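Student: Please read through the structure below; I'll follow up with questions.
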Amino acid sequence: MINQCQKPTGWLGRLVLSRMNLSHSKLTDWGLGNVSVGKDAMVLDVGCGGGRTVSKLAAIASEGKVYGVDYSEESVATSRRVNLRAINGGRVEILQGSVSQLPYSNGMFDLVTAVETHFWWPDLPGDMLEVFRVVKPGATLVLIAEVYGGSKTKTAQLAEKYSSRTGMKLLNVEEHRALLAGAGFSDVRIIEERGKGWICAIGRRASE
């Protein structure tokens with residue numbers, strides 16, 4: 001099941017993606033409530049999974065365009081189905097690709113989001129630099145997760161206990177701050193919802 005959360009495949013992967021779309025909805029709303037999304041924004045959701053976050057972003061950026069990228073073929077297919085109308089309308093585009101080599105131009109996005117995914121990235125420092133490459137000067141990155149290092153929830157403590165087996169990289173608050181700052185993001189903010197074990201890390205690329 002952990003492998004399916006990391007990279008959904010087949011019928012079980014489709015089931016996991018459907019459950020993710022439901023279970024991550026409130027977390028996503030909370031995280032996105034901490035950033036500003038312009039109506040005409042160009043937005044990228046990294047690790048778009050089942051596509052629910054993309055659809056939420058498309059509803060907010062109603063005059064912009066939302067891109068989703070995921071390295072799972074099953075995730076891309078599911079996300080495309082969920083967002084079919086917006087795709088046909090030219091307002092959403094979903095591609096298969098890796099966070100380590102994003103298929104987008106330098107300085108393309110006003111906002112980059114990553115929900116329940118960055119702890120699976122293969123090279124966190126390097127991948128953050130790749131995200132930094134595609135954000136515009138003055139643009140924002142937001143990482144949103146329901147588990148993180150040092151959290152006192154049972155889910156987070158179990159995830160930490162077995163992280164050596166699963167490969168999850170559960171950063172604590174200060175490690176999140178250092179990760180964003182190390183990639184070049186400024187005005188870094190870390191917001192916690194401690195009772196639920198949620199974390200939101202926000203950084204901005206300085207204006208040139």
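Here, A, B, ... name the chains of the structure tokens in the order displayed, residue numbers run from 1 inside each chain, and ligands are numbered from 1 in the same displayed order.
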Would you return as a PyMOL selection string the members of chain A that DSSP assigns to helix (DSSP H, G or I) on this structure's backbone?

Tutor: chain A and resi 2-6+10-23+25-32+52-60+73-82+84-88+118-120+124-134+154-161+163-166+173-183

Student: Which residues in stretch 138-196 of chain A does DSSP call strand (DSSP E)? List them as a PyMOL selection string.

Tutor: chain A and resi 138-145+186-193

Student: Could you write out that same residue set with N, CA and C atoms as a CSV table (one decimal), in the first residue's frame?

Tutor:
```
chain,number,residue,atom,x,y,z
A,138,GLY,N,9.1,36.7,-7.7
A,138,GLY,CA,8.0,37.2,-6.9
A,138,GLY,C,6.9,36.1,-6.7
A,139,ALA,N,7.1,34.9,-7.3
A,139,ALA,CA,6.2,33.8,-7.2
A,139,ALA,C,6.3,33.0,-6.0
A,140,THR,N,5.4,32.1,-5.7
A,140,THR,CA,5.3,31.4,-4.4
A,140,THR,C,5.3,29.9,-4.6
A,141,LEU,N,5.9,29.2,-3.7
A,141,LEU,CA,5.9,27.8,-3.6
A,141,LEU,C,5.2,27.4,-2.3
A,142,VAL,N,4.3,26.4,-2.3
A,142,VAL,CA,3.7,25.9,-1.1
A,142,VAL,C,3.8,24.4,-1.0
A,143,LEU,N,4.3,23.9,0.0
A,143,LEU,CA,4.4,22.4,0.3
A,143,LEU,C,3.3,22.1,1.4
A,144,ILE,N,2.5,21.2,1.2
A,144,ILE,CA,1.4,20.8,2.1
A,144,ILE,C,1.5,19.3,2.4
A,145,ALA,N,1.4,19.0,3.7
A,145,ALA,CA,1.5,17.6,4.1
A,145,ALA,C,0.8,17.3,5.4
A,186,SER,N,12.8,32.9,-0.3
A,186,SER,CA,12.9,33.9,0.8
A,186,SER,C,11.6,34.0,1.5
A,187,ASP,N,11.5,34.8,2.5
A,187,ASP,CA,10.3,35.0,3.3
A,187,ASP,C,9.6,33.7,3.6
A,188,VAL,N,10.4,32.7,4.0
A,188,VAL,CA,9.9,31.4,4.3
A,188,VAL,C,9.1,31.3,5.6
A,189,ARG,N,7.9,30.7,5.4
A,189,ARG,CA,7.0,30.6,6.6
A,189,ARG,C,6.6,29.1,6.7
A,190,ILE,N,6.6,28.7,8.0
A,190,ILE,CA,6.1,27.3,8.3
A,190,ILE,C,4.9,27.4,9.2
A,191,ILE,N,3.8,26.8,8.7
A,191,ILE,CA,2.6,26.9,9.4
A,191,ILE,C,2.2,25.5,9.8
A,192,GLU,N,1.9,25.3,11.1
A,192,GLU,CA,1.5,24.0,11.6
A,192,GLU,C,0.0,24.0,12.1
A,193,GLU,N,-0.6,22.9,11.9
A,193,GLU,CA,-1.9,22.6,12.6
A,193,GLU,C,-1.6,21.4,13.4
```

Student: Just how far from atom CA of A:Phe109 is atom CA of A:Tyr148, in Å to one decimal?

Tutor: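 Computed distance, atom CA of A:Tyr148 to atom CA of A:Phe109, equals 26.3 Å.
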
Student: Between A:Leu102, A:Ile60, A:Phe185, A:Gly197, single out the one closest to A:Asp29, counting only C-alpha atoms.

Tutor: A:Ile60

Student: Can you list, as a PDB file with N, CA and C atoms, in the first residue's frame, every protein, DNA or RNA residue that comes within 10 Å of A:Gly126 when you count only C-alpha atoms, leaving out same-chain residues fewer than 6 positions away?

Tutor:
```pdb
ATOM      1  N   VAL A  99       9.707  15.476 -10.982  1.00  0.00           N
ATOM      2  CA  VAL A  99      10.073  16.730 -10.328  1.00  0.00           C
ATOM      3  C   VAL A  99      11.565  17.017 -10.500  1.00  0.00           C
ATOM      4  N   SER A 100      12.337  15.986 -10.752  1.00  0.00           N
ATOM      5  CA  SER A 100      13.784  16.178 -10.931  1.00  0.00           C
ATOM      6  C   SER A 100      14.134  16.799 -12.274  1.00  0.00           C
ATOM      7  N   GLN A 101      13.199  16.761 -13.211  1.00  0.00           N
ATOM      8  CA  GLN A 101      13.409  17.348 -14.546  1.00  0.00           C
ATOM      9  C   GLN A 101      12.051  17.801 -15.072  1.00  0.00           C
ATOM     10  N   PHE A 132      12.455  25.749  -8.060  1.00  0.00           N
ATOM     11  CA  PHE A 132      12.841  27.166  -8.045  1.00  0.00           C
ATOM     12  C   PHE A 132      13.059  27.684  -9.466  1.00  0.00           C
ATOM     13  N   LEU A 179      15.266  23.706   3.862  1.00  0.00           N
ATOM     14  CA  LEU A 179      15.107  23.179   2.501  1.00  0.00           C
ATOM     15  C   LEU A 179      14.716  24.285   1.533  1.00  0.00           C
ATOM     16  N   GLY A 182      17.503  26.974   1.283  1.00  0.00           N
ATOM     17  CA  GLY A 182      18.659  26.461   0.564  1.00  0.00           C
ATOM     18  C   GLY A 182      18.480  26.461  -0.940  1.00  0.00           C
ATOM     19  N   ALA A 183      17.228  26.382  -1.392  1.00  0.00           N
ATOM     20  CA  ALA A 183      16.940  26.406  -2.829  1.00  0.00           C
ATOM     21  C   ALA A 183      16.866  27.833  -3.372  1.00  0.00           C
TER      22      ALA A 183
END
```

Student: Could you pull the residues within 12 Å of A:Thr155, counting only C-alpha atoms, minus those fewer than 2 positions along the same chain, as a VMD selection string?

Tutor: chain A and resid 145 to 153 157 to 163 170 195 to 198

Student: Could you write out that same residue set with C-alpha atoms as a JSON list (two decimals), in the first residue's frame?

Tutor:
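Saved as out-v9.json:
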```json
[["chain", "number", "residue", "atom", "x", "y", "z"],
["A", 145, "ALA", "CA", 1.48, 17.58, 4.07],
["A", 146, "GLU", "CA", -0.40, 15.74, 6.80],
["A", 147, "VAL", "CA", 2.74, 14.19, 8.30],
["A", 148, "TYR", "CA", 6.12, 15.65, 9.16],
["A", 149, "GLY", "CA", 9.08, 14.99, 11.40],
["A", 150, "GLY", "CA", 8.56, 15.80, 15.06],
["A", 151, "SER", "CA", 4.76, 15.77, 14.88],
["A", 152, "LYS", "CA", 3.08, 14.13, 17.87],
["A", 153, "THR", "CA", 0.22, 12.49, 15.95],
["A", 157, "GLN", "CA", 5.07, 8.79, 14.60],
["A", 158, "LEU", "CA", 4.32, 5.56, 12.75],
["A", 159, "ALA", "CA", 5.54, 7.10, 9.49],
["A", 160, "GLU", "CA", 8.78, 8.15, 11.19],
["A", 161, "LYS", "CA", 9.23, 4.73, 12.78],
["A", 162, "TYR", "CA", 9.07, 2.96, 9.42],
["A", 163, "SER", "CA", 10.63, 5.67, 7.25],
["A", 170, "LEU", "CA", 9.96, 13.33, 6.99],
["A", 195, "GLY", "CA", -3.66, 18.86, 16.54],
["A", 196, "LYS", "CA", -4.06, 17.30, 13.10],
["A", 197, "GLY", "CA", -0.37, 16.94, 12.33],
["A", 198, "TRP", "CA", -0.57, 19.14, 9.23]]
```

Student: Of the candidates A:Leu95, A:Val173, A:Val54, A:Leu32, which one gets nearest to A:Ala77 if we count only C-alpha atoms?

Tutor: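 Of all the options, A:Leu95 lies closest to A:Ala77.
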
Student: In Å, with one decimal, what is the gap from atom CA of A:Ala178 to atom CA of A:Ser75?

Tutor: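 A separation of 29.7 Å between them.
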
Student: How many Å separate atom CA of A:Arg205 from atom CA of A:His176?

Tutor: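 Here the two named atoms are 15.9 Å from each other.
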
Student: Using only C-alpha atoms, tabulate the residues of stretch 52-85 of chain A lying at most 12 Å from any atom of stretch 23-28 of chain A, each with its closest atom pair and that distance in Å to one decimal, by chain and increasing residue number, as a Markdown table.

Tutor:
```
| residue | atom | partner | partner_atom | distance |
| --- | --- | --- | --- | --- |
| A:Arg52 | CA | A:Ser25 | CA | 7.5 |
| A:Thr53 | CA | A:Thr28 | CA | 6.9 |
| A:Val54 | CA | A:Thr28 | CA | 10.5 |
| A:Ser55 | CA | A:Ser25 | CA | 10.9 |
| A:Lys56 | CA | A:Thr28 | CA | 8.8 |
| A:Leu57 | CA | A:Thr28 | CA | 10.1 |
```

Student: Residues of the last selection are to be written out with N, CA and C atoms, as a PDB file, in the first residue's frame.

Tutor:
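Result went into part33.pdb, see below:
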```
ATOM      1  N   ARG A  52      -7.450  16.203  -7.798  1.00  0.00           N
ATOM      2  CA  ARG A  52      -8.384  17.041  -7.036  1.00  0.00           C
ATOM      3  C   ARG A  52      -7.797  18.429  -6.768  1.00  0.00           C
ATOM      4  N   THR A  53      -6.511  18.496  -6.445  1.00  0.00           N
ATOM      5  CA  THR A  53      -5.898  19.803  -6.197  1.00  0.00           C
ATOM      6  C   THR A  53      -5.899  20.647  -7.462  1.00  0.00           C
ATOM      7  N   VAL A  54      -5.632  20.027  -8.593  1.00  0.00           N
ATOM      8  CA  VAL A  54      -5.669  20.754  -9.867  1.00  0.00           C
ATOM      9  C   VAL A  54      -7.046  21.365 -10.094  1.00  0.00           C
ATOM     10  N   SER A  55      -8.094  20.595  -9.821  1.00  0.00           N
ATOM     11  CA  SER A  55      -9.450  21.117 -10.032  1.00  0.00           C
ATOM     12  C   SER A  55      -9.766  22.250  -9.073  1.00  0.00           C
ATOM     13  N   LYS A  56      -9.293  22.173  -7.844  1.00  0.00           N
ATOM     14  CA  LYS A  56      -9.485  23.261  -6.884  1.00  0.00           C
ATOM     15  C   LYS A  56      -8.762  24.521  -7.363  1.00  0.00           C
ATOM     16  N   LEU A  57      -7.548  24.359  -7.831  1.00  0.00           N
ATOM     17  CA  LEU A  57      -6.762  25.497  -8.307  1.00  0.00           C
ATOM     18  C   LEU A  57      -7.386  26.117  -9.553  1.00  0.00           C
TER      19      LEU A  57
END
```

Student: Could you check which of A:Gly184, A:Glu174, A:Pro137, A:Ala86 is closest to A:Pro125, using only C-alpha atoms?

Tutor: A:Gly184
